[in-house]
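Here is the structure we will look at, set down as structure tokens.
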Amino acid sequence: MTTKIRSAAMPPKAVAAADASAGMRQHLALLLLTLAATVQFFDRALMVVILEPLKQEFSLSDAQLGLLSGFSYAAAFALAGIPFGWLADRGHRRNLLAGLLAAWSALVALAGSAGSFTALVLTRVGIGAADAGGQPCSVSIIADLYPSQRRATAVAVFFLSVPLGMASGFMIGALVASQYGWRTGFYVAAVPGLVLTVLMLMLVPEPSRGASDGLAHTDRAAPSLGEALRFMRSQSSLVYLIAASVLVTASSSAMMSWIGSLLVRSHGLSLAQVGLVTGLCMGGFGALGTLLFGWLADRRGASDMRNQPRMMAVAAAVIALSGTAVALMPTVLGAAAALALFAAMVAGLNGPTYALTQSLVQVRMRGTSMSTLVVLLNLMGVGVGPALAGALSDHFAASYGSESVRWAMVCVLMLNLPAVVLYARAARSIRADLKRAQG
């Protein structure tokens, strides 16, 4: 209301200048949020790169490596995630995010000084807990900065942090780890987070809740956690989307956690070569997939929102096929080409998935909705996927030797097939659920 009155009283040039200034602040906030998430995904990729050096230094089994790269982080993330989402719906999201980023940076630095497997697991637990509030705060802020018709694109830009963080983690992390050791890699990862903490406090605003949707919910009390969860459960399309996303994440996180080991064991690549291949495929093609899929989701959804989950069903099918090709291709070139398609599809799902978690719930439920999704993805997806692949690889080792990881990956990738069905079912009720969320 205030904006309309001011716009009517101001000269057209002044209105245009004010809108341009607001747009610049909006985009700067999105940039800083994206960079903060990129740094955190750098750390996740670094852990993948250094699995083999950790296996040698601490004499670890593949099951222990799966615990380290997956469940230790994910379990702490799950325990802290929903409380932080609850806080994001009630408190100052920017300040909460900045505090968590500072704590995360300190814990990553501590990981570099770990002297045992147990100590390293404990640091991963702390990092997982500190990371838990990042996406709920960030995506909730973005949802209040960008209207629903631009939201999938804006969220897709934010989730460029995944391929960019993975690419830089694989390439820079591999280079640093191979030249200066895995401990230095953690020290390098910690520094940017501290710088971004300061910039975030200075330049990222705390937007009014519901402003981008024209809703006056800023003075309405947030619902209880139970009320929010019950509303989410009543949105059948949201339930199907979350279930499908968990299955896709389990398979994709297993691939991302074990791709380094697969390339080393099955194709004889060095750490530096692994970093180059995975960085280019997951980073470059992942970024392209993120932007293209987010833009296309907004475009196709403008005419019929059922098109978004239908697109996601197709992507899940392609993920199963291309991931299987990555695991079984006999040549590095073939595996890399399949990995590029796999990464593009996995990253492409981020924009519409997370945008819909914001659009399918009421304004004061967005932090809880986001944190619930992220907790489930990390506990049941990131936590189970790599550990399951590691256990299967140990099981297959007696029959396939160093090739066991290939067949472990093929088994885990089959989780995408029921995800295709779940996405298709979400399309049936999504239009009615979107109306209900706005009511």
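Quick note on naming: the chains in the structure tokens go A, B, ... in the order shown, residues restart at 1 in each chain, and ligands are numbered from 1 in order of appearance.
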
Hey, what's within 8 Å of Gly165 of chain A if we count only C-alpha atoms and toss same-chain stuff fewer than 4 positions away? As a ChimeraX atom specification, please? /A:37-43,45,161,169,283

Would you write out, as a Markdown table, a table of all residues in segment 162-225 of chain A that have an atom no more than 12 Å from an atom of segment 331-346 of chain A, listing for each the closest atom pair and the distance in Å to one decimal, considering only C-alpha atoms and ordering rows by chain and rising residue number?
| residue | atom | partner | partner_atom | distance |
| --- | --- | --- | --- | --- |
| A:Val162 | CA | A:Val346 | CA | 10.1 |
| A:Pro163 | CA | A:Ala343 | CA | 8.1 |
| A:Leu164 | CA | A:Ala343 | CA | 11.7 |
| A:Met166 | CA | A:Ala343 | CA | 10.5 |
| A:Ala167 | CA | A:Ala343 | CA | 11.0 |

Dump as a CSV table (one decimal), in the first residue's frame, selection limited to N, CA and C atoms:
chain,number,residue,atom,x,y,z
A,162,VAL,N,25.2,-25.1,-5.8
A,162,VAL,CA,25.5,-26.5,-5.8
A,162,VAL,C,26.6,-26.9,-6.9
A,163,PRO,N,26.3,-26.6,-8.2
A,163,PRO,CA,27.3,-27.0,-9.2
A,163,PRO,C,28.6,-26.1,-9.0
A,164,LEU,N,28.4,-24.8,-8.7
A,164,LEU,CA,29.6,-24.0,-8.6
A,164,LEU,C,30.4,-24.4,-7.4
A,166,MET,N,30.4,-27.4,-6.0
A,166,MET,CA,31.0,-28.7,-6.3
A,166,MET,C,32.1,-28.6,-7.2
A,167,ALA,N,32.0,-27.8,-8.3
A,167,ALA,CA,33.1,-27.6,-9.2
A,167,ALA,C,34.3,-27.1,-8.6

Pick out the closest residue to Ser303 of chain A from this set: A:Asn95, A:Met47, A:Gln149, A:His395. Count only C-alpha atoms.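 Ranking A:Asn95, A:Met47, A:Gln149, A:His395 by distance to Ser303 of chain A, first place goes to A:Gln149.
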
For Phe71 of chain A, the nearest of the candidates A:Leu388, A:Leu271, A:Ile172, A:Ala316, counting only C-alpha atoms: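 Result for the nearest residue to Phe71 of chain A: A:Leu388.
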
Which neighbours of Ala63 of chain A fall inside 9 Å, counting only C-alpha atoms, when residues of the same chain fewer than 6 positions from it are skipped, and could you give them as a list in words?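 The residues that qualify are Pro386, Ala387, Leu388, Ala389, Gly390, Ala391, Leu392, Ser393 and Asp394 of chain A.
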
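Take atom CA of Leu68 of chain A and atom CA of Ser140 of chain A: the distance between them is 29.6 Å.
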
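Closest approach to Leu229 of chain A among A:Ser257, A:Thr153, A:Ser399, A:Ser371: A:Ser371, based on only C-alpha atoms.
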
For Ala243 of chain A, which residue out of A:Arg425, A:Arg431, A:Arg44, A:Arg436 is the nearest one, using only C-alpha atoms?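 Checking each of A:Arg425, A:Arg431, A:Arg44, A:Arg436 against Ala243 of chain A, counting only C-alpha atoms, the winner is A:Arg425.
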
What's the 8 Å shell around Cys137 of chain A, counting only C-alpha atoms, without same-chain residues fewer than 4 positions away, as a list of chain:residue names?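 Once the adjacent positions are removed, what remains is A:Gly85, A:Ala88, A:Arg93, A:Arg94, A:Leu96, A:Leu97, A:Gly133, A:Ile141, A:Gly367.
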
Who sits within 10 Å of segment 111-128 of chain A, only C-alpha atoms, same chain under 5 positions skipped, as a ChimeraX atom specification: /A:40,43,47,54-55,57-60,64-65,67-81,100-101,103-106,133,181-190,378

To one decimal in Å, tell me the separation between atom CA of Val264 of chain A and atom CA of Cys281 of chain A.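 According to the coordinates, atom CA of Val264 of chain A and atom CA of Cys281 of chain A are separated by 16.2 Å.
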
Could you pull out the alpha helix (DSSP H) residues of segment 73-287 of chain A from DSSP and send them as a ChimeraX atom specification? /A:73-88,93-111,117-131,134-145,148-158,161-180,182-203,225-234,236-267,271-278,286-287

Close residues, segment 142-146 of chain A itself excluded, 9 Å, only C-alpha atoms, min 2 positions apart in chain, as a list in words: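 Once the adjacent positions are removed, what remains is Gln26, Ala29, Leu30, Leu33, Cys137, Ser138, Val139, Ser140, Ser148, Gln149, Arg150, Arg151, Ala154, Val155, Phe158, Pro207, Ser208, Arg209, Gly210, Ala211, Ser212, Asp213, Ala355, Gln358, Ser359, Val363 and Arg366 of chain A.
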
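Distance annotation: of A:Val191, A:Ala102, A:Leu199, A:Met370, the residue with the minimal separation from Ile82 of chain A is A:Met370; atom set is only C-alpha atoms.
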